[in-house]
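Source file work.txt; content: compact mmCIF, C-alpha atoms and all ligand atoms.
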```txt
# COMPACT_ATOMS: atom_id res chain seq x y z
CA MET A 290 14.76 -24.66 -7.19
CA LYS A 291 16.04 -21.10 -6.73
CA VAL A 292 14.32 -18.17 -5.06
CA VAL A 293 14.79 -14.74 -6.64
CA ALA A 294 14.40 -11.87 -4.19
CA GLY A 295 13.09 -8.68 -5.73
CA ARG A 296 14.13 -5.40 -4.15
CA ALA A 297 10.74 -4.97 -2.48
CA SER A 298 10.80 -8.33 -0.67
CA PRO A 299 14.35 -9.36 0.39
CA MET A 300 13.40 -10.45 3.92
CA LEU A 301 10.35 -12.48 2.95
CA ALA A 302 12.21 -14.08 0.01
CA LYS A 303 15.00 -15.21 2.38
CA ARG A 304 12.44 -16.62 4.82
CA ILE A 305 10.65 -18.50 2.02
CA ALA A 306 13.98 -19.87 0.71
CA GLU A 307 14.78 -21.16 4.21
CA LYS A 308 11.40 -22.89 4.49
CA LEU A 309 11.96 -24.52 1.07
CA HIS A 310 15.59 -25.42 1.89
CA CYS A 311 16.81 -23.78 -1.29
CA GLU A 312 19.15 -20.94 -2.20
CA LEU A 313 18.63 -17.37 -3.27
CA ALA A 314 19.71 -16.65 -6.84
CA LYS A 315 22.45 -14.05 -7.34
CA THR A 316 20.84 -10.81 -8.48
CA THR A 317 22.14 -7.46 -9.66
CA TYR A 318 19.84 -4.45 -9.56
CA LYS A 319 20.89 -1.07 -10.89
CA VAL A 320 19.29 2.21 -11.89
CA PHE A 321 20.66 3.92 -14.99
CA PRO A 322 21.29 7.70 -14.86
CA ASP A 323 18.04 8.30 -16.77
CA GLY A 324 16.05 6.32 -14.16
CA GLU A 325 15.63 3.10 -16.15
CA LEU A 326 16.03 -0.12 -14.17
CA TYR A 327 18.47 -2.94 -14.90
CA VAL A 328 18.11 -6.52 -13.70
CA ARG A 329 20.41 -9.54 -13.90
CA VAL A 330 19.65 -12.95 -12.36
CA GLU A 331 22.44 -15.55 -12.39
CA GLY A 332 22.53 -19.31 -11.90
CA ILE A 333 18.84 -20.00 -12.29
CA GLU A 334 17.51 -23.55 -12.35
CA ASP A 335 14.49 -25.24 -13.97
CA GLU A 336 12.21 -24.13 -11.14
CA VAL A 337 12.24 -20.50 -10.03
CA VAL A 338 10.24 -18.68 -7.38
CA VAL A 339 10.27 -14.89 -7.78
CA VAL A 340 9.28 -12.92 -4.67
CA GLN A 341 8.43 -9.28 -5.26
CA SER A 342 5.65 -7.14 -3.83
CA ILE A 343 4.21 -4.34 -5.93
CA ASN A 344 4.19 -1.27 -3.72
CA SER A 345 5.47 1.25 -6.28
CA ASN A 346 5.80 1.68 -10.03
CA ASP A 347 9.48 0.73 -9.83
CA ASP A 348 8.51 -2.51 -8.03
CA LEU A 349 6.21 -3.37 -10.93
CA VAL A 350 8.81 -2.63 -13.61
CA GLN A 351 11.44 -4.54 -11.68
CA LEU A 352 9.09 -7.53 -11.36
CA MET A 353 8.59 -7.57 -15.14
CA LEU A 354 12.35 -7.43 -15.74
CA ILE A 355 12.99 -10.26 -13.26
CA LEU A 356 10.27 -12.39 -14.90
CA ASP A 357 11.86 -11.73 -18.28
CA ALA A 358 15.33 -12.64 -16.98
CA VAL A 359 14.08 -16.03 -15.70
CA SER A 360 11.64 -16.75 -18.52
CA ASN A 361 13.40 -19.97 -19.59
CA ALA A 362 12.47 -21.58 -16.28
CA ASN A 363 9.18 -22.74 -14.80
CA VAL A 364 8.23 -19.65 -12.84
CA THR A 365 6.06 -19.04 -9.79
CA ALA A 366 5.57 -15.33 -9.15
CA VAL A 367 4.97 -14.68 -5.45
CA ILE A 368 3.56 -11.18 -5.19
CA PRO A 369 2.90 -10.81 -1.45
CA TYR A 370 1.29 -7.37 -1.79
CA MET A 371 -0.59 -6.97 -5.05
CA GLY A 372 -0.58 -3.24 -5.65
CA TYR A 373 -2.94 -1.70 -8.19
CA ALA A 374 -5.74 -4.02 -6.99
CA ARG A 375 -7.87 -1.18 -5.65
CA GLN A 376 -8.52 0.02 -9.21
CA ASP A 377 -10.41 -3.19 -9.93
CA ARG A 378 -13.06 -1.61 -12.17
CA ALA A 379 -13.65 1.50 -14.24
CA PHE A 380 -15.29 3.77 -11.66
CA ASN A 381 -15.62 6.46 -14.34
CA GLU A 382 -15.90 6.16 -18.09
CA GLY A 383 -12.56 5.76 -19.83
CA GLU A 384 -10.59 4.65 -16.77
CA ALA A 385 -8.02 1.88 -16.98
CA VAL A 386 -8.81 -1.23 -14.95
CA SER A 387 -5.30 -1.21 -13.51
CA ILE A 388 -5.29 -4.65 -11.92
CA ARG A 389 -6.51 -6.21 -15.19
CA ALA A 390 -3.49 -4.72 -16.98
CA VAL A 391 -1.16 -5.92 -14.22
CA ALA A 392 -2.71 -9.42 -14.22
CA ARG A 393 -2.24 -9.74 -18.00
CA LEU A 394 1.39 -8.68 -17.76
CA ILE A 395 2.27 -11.00 -14.89
CA GLU A 396 0.46 -14.02 -16.32
CA SER A 397 2.08 -13.56 -19.72
CA TYR A 398 5.31 -14.63 -17.96
CA ALA A 399 4.43 -16.63 -14.85
CA ASP A 400 3.25 -20.24 -14.79
CA ARG A 401 1.69 -19.72 -11.35
CA VAL A 402 0.97 -16.66 -9.22
CA ILE A 403 0.65 -16.50 -5.44
CA THR A 404 -0.49 -13.47 -3.47
CA VAL A 405 -1.69 -12.64 0.04
CA ASN A 406 -5.14 -11.14 0.73
CA ILE A 407 -5.75 -9.41 -2.57
CA HIS A 408 -8.00 -6.35 -2.22
CA SER A 409 -11.20 -7.84 -3.67
CA GLU A 410 -12.80 -10.81 -5.39
CA LYS A 411 -13.20 -8.56 -8.41
CA ALA A 412 -9.43 -7.93 -8.53
CA LYS A 413 -8.84 -11.67 -8.18
CA SER A 414 -11.17 -12.43 -11.08
CA TYR A 415 -8.72 -11.00 -13.64
CA PHE A 416 -6.16 -13.73 -12.87
CA LYS A 417 -6.33 -17.27 -14.24
CA LYS A 418 -3.37 -18.78 -12.36
CA LEU A 419 -3.69 -17.12 -8.96
CA VAL A 420 -3.63 -18.76 -5.53
CA GLU A 421 -4.55 -16.45 -2.64
CA VAL A 422 -3.05 -16.94 0.82
CA ASP A 423 -4.97 -15.69 3.84
CA ALA A 424 -2.85 -13.93 6.49
CA MET A 425 -5.68 -13.71 9.01
CA PRO A 426 -4.74 -17.00 10.76
CA VAL A 427 -1.18 -15.73 11.48
CA ILE A 428 -2.51 -12.38 12.67
CA GLY A 429 -4.98 -14.24 14.92
CA GLU A 430 -2.23 -16.51 16.29
CA TYR A 431 -0.20 -13.43 17.25
CA TYR A 432 -3.00 -12.35 19.61
CA LYS A 433 -3.66 -15.81 21.05
CA GLU A 434 -4.09 -15.72 24.84
CA LYS A 435 -4.14 -11.92 24.88
CA ASP A 436 -7.30 -10.44 26.35
CA VAL A 437 -8.35 -8.30 23.37
CA VAL A 438 -11.40 -7.64 21.24
CA MET A 439 -10.96 -7.42 17.45
CA ILE A 440 -12.83 -4.79 15.47
CA SER A 441 -13.18 -4.42 11.73
CA PRO A 442 -13.30 -0.74 10.70
CA ASP A 443 -16.13 -1.53 8.27
CA LEU A 444 -18.35 -4.32 7.03
CA GLY A 445 -15.90 -4.97 4.15
CA SER A 446 -13.29 -6.46 6.50
CA TYR A 447 -15.80 -8.28 8.72
CA ASP A 448 -15.16 -11.77 7.30
CA ARG A 449 -11.40 -11.29 7.60
CA VAL A 450 -11.65 -10.22 11.26
CA LYS A 451 -13.94 -13.16 11.97
CA VAL A 452 -11.16 -15.53 10.83
CA ALA A 453 -8.43 -13.69 12.81
CA SER A 454 -10.55 -13.67 15.97
CA SER A 455 -11.27 -17.40 15.67
CA TYR A 456 -7.49 -18.07 15.78
CA ALA A 457 -6.98 -15.56 18.60
CA GLY A 458 -9.95 -16.93 20.54
CA CYS A 459 -11.39 -13.46 21.19
CA ASP A 460 -14.58 -11.46 20.62
CA PHE A 461 -15.02 -9.57 17.37
CA ASP A 462 -17.30 -7.00 15.79
CA TYR A 463 -17.36 -4.34 13.10
CA LEU A 464 -18.01 -0.61 13.10
CA GLU A 465 -21.41 0.15 11.71
CA LYS A 466 -22.21 3.51 10.13
CA ARG A 467 -25.83 4.54 10.74
CA ARG A 468 -27.43 7.71 9.42
CA ILE A 469 -29.45 9.37 12.18
CA SER A 470 -30.49 12.47 10.26
CA ALA A 471 -29.45 14.43 7.16
CA GLU A 472 -26.61 15.97 9.21
CA GLU A 473 -25.76 13.20 11.65
CA VAL A 474 -24.03 9.85 11.20
CA GLU A 475 -23.41 7.52 14.11
CA ILE A 476 -20.48 5.07 13.96
CA LYS A 477 -20.23 2.38 16.63
CA PRO A 478 -19.58 -1.34 17.02
CA LYS A 479 -22.59 -3.28 15.76
CA SER A 480 -23.16 -5.17 19.01
CA LEU A 481 -20.11 -5.21 21.33
CA ASN A 482 -19.42 -2.82 24.20
CA VAL A 483 -15.73 -1.78 24.00
CA LYS A 484 -15.71 0.25 27.24
CA GLY A 485 -12.64 -0.70 29.30
CA ARG A 486 -11.46 -3.22 26.68
CA ASP A 487 -8.14 -3.50 24.84
CA VAL A 488 -9.12 -3.21 21.19
CA VAL A 489 -7.28 -4.35 18.07
CA ILE A 490 -8.51 -2.87 14.78
CA VAL A 491 -7.82 -5.41 12.03
CA ASP A 492 -7.74 -4.44 8.34
CA ASP A 493 -6.18 -5.74 5.13
CA ILE A 494 -4.35 -2.55 4.09
CA ILE A 495 -3.22 0.56 5.93
CA SER A 496 -2.42 3.10 3.26
CA THR A 497 -2.93 6.73 4.34
CA GLY A 498 -4.05 5.57 7.79
CA GLY A 499 -7.28 7.57 7.47
CA THR A 500 -9.57 4.57 8.05
CA ILE A 501 -7.75 3.52 11.23
CA VAL A 502 -7.53 7.09 12.59
CA GLU A 503 -11.32 7.53 12.24
CA ALA A 504 -12.00 4.13 13.82
CA THR A 505 -9.65 4.95 16.70
CA LYS A 506 -11.49 8.21 17.43
CA VAL A 507 -14.78 6.32 17.63
CA LEU A 508 -13.43 3.52 19.84
CA LYS A 509 -11.71 5.94 22.23
CA SER A 510 -14.86 8.05 22.51
CA LEU A 511 -16.69 4.86 23.50
CA GLY A 512 -14.25 4.27 26.37
CA ALA A 513 -11.85 1.66 24.92
CA LYS A 514 -8.95 1.17 27.36
CA SER A 515 -6.40 0.98 24.54
CA VAL A 516 -6.45 0.76 20.76
CA GLU A 517 -3.88 -0.92 18.56
CA CYS A 518 -4.07 -2.06 14.95
CA ALA A 519 -2.99 -5.02 12.89
CA CYS A 520 -2.96 -5.27 9.12
CA VAL A 521 -1.73 -7.53 6.38
CA HIS A 522 -0.18 -4.90 4.10
CA ALA A 523 1.60 -1.99 5.79
CA VAL A 524 1.64 0.31 2.78
CA LEU A 525 1.89 3.29 5.19
CA ALA A 526 2.01 6.00 2.54
CA GLY A 527 3.75 9.27 3.47
CA ASP A 528 3.58 9.98 7.20
CA ALA A 529 0.75 7.48 7.86
CA LEU A 530 2.59 5.79 10.74
CA ASN A 531 3.09 9.11 12.52
CA LYS A 532 -0.59 9.96 11.97
CA LEU A 533 -1.59 6.68 13.61
CA TYR A 534 0.59 7.27 16.68
CA LEU A 535 -0.65 10.88 16.98
CA ALA A 536 -4.22 9.54 16.94
CA GLY A 537 -3.37 7.57 20.08
CA ILE A 538 -2.77 4.13 18.57
CA LYS A 539 -0.72 2.16 21.08
CA CYS A 540 0.92 -0.19 18.60
CA VAL A 541 0.86 -1.00 14.87
CA ILE A 542 1.73 -4.48 13.67
CA ALA A 543 1.73 -5.99 10.19
CA THR A 544 2.93 -8.94 8.19
CA ASP A 545 6.01 -8.89 5.96
CA THR A 546 4.13 -8.60 2.64
CA VAL A 547 5.31 -4.99 2.62
CA GLU A 548 8.59 -4.80 4.50
CA LYS A 549 8.38 -2.05 7.12
CA PRO A 550 9.62 -1.65 10.71
CA VAL A 551 6.14 -2.76 11.90
CA SER A 552 6.31 -6.05 9.92
CA VAL A 553 6.60 -8.36 12.93
CA ILE A 554 4.50 -11.27 11.63
CA SER A 555 5.65 -13.45 8.73
CA VAL A 556 3.57 -15.03 5.99
CA ALA A 557 6.59 -17.10 4.83
CA ASP A 558 5.25 -20.32 6.25
CA ALA A 559 1.80 -19.92 4.68
CA ILE A 560 3.37 -19.13 1.27
CA ALA A 561 5.89 -21.99 1.53
CA LYS A 562 3.01 -24.41 2.17
CA VAL A 563 1.38 -23.41 -1.14
CA LEU A 564 4.73 -23.63 -2.95
CA LYS A 565 5.25 -27.17 -1.65
CA SER A 566 1.74 -28.28 -2.65
C1 LIG A 601 -10.57 -0.65 2.14
O1 LIG A 601 -11.24 -1.26 1.31
C2 LIG A 601 -9.44 -1.30 2.82
O2 LIG A 601 -9.88 -2.44 3.52
C3 LIG A 601 -8.71 -0.37 3.79
O3 LIG A 601 -9.58 -0.05 4.85
C4 LIG A 601 -8.23 0.89 3.11
O4 LIG A 601 -7.54 0.59 1.93
C5 LIG A 601 -7.33 1.67 4.05
O5 LIG A 601 -6.91 2.83 3.40
P1 LIG A 601 -6.42 4.08 4.24
O6 LIG A 601 -5.36 3.64 5.19
O7 LIG A 601 -5.92 5.05 3.20
O8 LIG A 601 -7.61 4.64 4.96
```
Could you write out this structure as structure tokens?
Ligand code: R5P
Amino acid sequence: MKVVAGRASPMLAKRIAEKLHCELAKTTYKVFPDGELYVRVEGIEDEVVVVQSINSNDDLVQLMLILDAVSNANVTAVIPYMGYARQDRAFNEGEAVSIRAVARLIESYADRVITVNIHSEKAKSYFKKLVEVDAMPVIGEYYKEKDVVMISPDLGSYDRVKVASSYAGCDFDYLEKRRISAEEVEIKPKSLNVKGRDVVIVDDIISTGGTIVEATKVLKSLGAKSVECACVHAVLAGDALNKLYLAGIKCVIATDTVEKPVSVISVADAIAKVLKS
């Protein structure tokens, strides 16, 4: 078996290869003067694992070219961060269902697909060969024996935070939005008191950082001693990281599904377990 590291996921691909005791395939990636991508993969074997997150349009095109280059083999596409999953339905008439298009493309090449915490069940439903890995246990383990309380910024991430907190062995809650009047909305933890507590906001994706910044304001106004945040996919678009620090976030940590300086937790082990199964 050979592991092919796409340009978006070199660190995670190396970690997965180590867990599987196999080698990385030799790859050549180039960009032509007109912006078109070029891919070459050498020395592939019968079984190939391609590791490439989709965090940009170039990542997606490169993934397709890699899958084409290895198409004679039995291919597992590991897509740690499945971009385009937030457009999982036509919100307005005539819109593309982006993740459906991406799913069709990937599955026209891959024999099996593995991803980590895809955005929604709806997004997942467009795949026929997909196995989803949950990063919440590794995020929970990271906070084990630390005296923190975990907060989901909304009800949508509640189930995820519940899993992380069970591994951390800490309290958890979610921020509830309650309309008080036509002009007033109150946002606060559903039942926990965060006054004087060290809080970790846990979410699946941090993109612009807007969700975490708003949650931080609320938690600080309620007297939280400190606020940090943990996410699976550190998309961190534009100056999101700076925005988070300016909002008073003590620390940002993430997994290596999107490789950023804050990616201090690895999902390699969880992915390798699925690959071995
Ligand atoms: C929403 O469904 C997700 O769980 C995240 O809360 C959201 O994608 C974060 O986006 P942003 O960082 O742009 O607020």
| request: With only C-alpha atoms and all ligand atoms counted, collect every polymer residue having an atom within 10 Å of ligand LIG 601 (chain A); state the result as a PyMOL selection string. | output: chain A and resi 375+408-409+441-447+449+491-504+520+522-526+529-530+533
Around (8.7, -8.8, -9.9), as given in the file, which residues come within 10 Å? Count all atoms listed in the file and list them as a ChimeraX atom specification. /A:293-298,339-343,347-357,366-368,395
Just want the 12 Å neighbourhood of Asp423 (chain A), counted on all atoms listed in the file, with same-chain residues fewer than 6 positions away dropped. Output as a ChimeraX atom specification. /A:369-370,403-408,429,448-450,452-453,493,520-522,544,546,555-560,562-563
If you measure from CA of Val422 (chain A) to CA of Ser345 (chain A), what distance in Å do you get, rounded to one decimal?
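Between CA of Val422 (chain A) and CA of Ser345 (chain A) the gap is 21.3 Å.
CA of Asn344 (chain A) lies 8.4 Å from CA of Tyr373 (chain A).
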How many Å separate CA of Glu421 (chain A) from CA of Ala358 (chain A)?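 Separation of CA of Glu421 (chain A) and CA of Ala358 (chain A): 24.8 Å.
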One residue among A:Val483, A:Met439, A:Arg467, A:Val402 is nearest to Cys518 (chain A) when using only C-alpha atoms, and that residue is A:Met439
(request) May I have the residues within 10 Å of Lys418 (chain A) as a PyMOL selection string, using all atoms listed in the file and disregarding those fewer than 2 positions away in the same chain? (result) chain A and resi 365+392+395-396+399-403+413+415-416+420
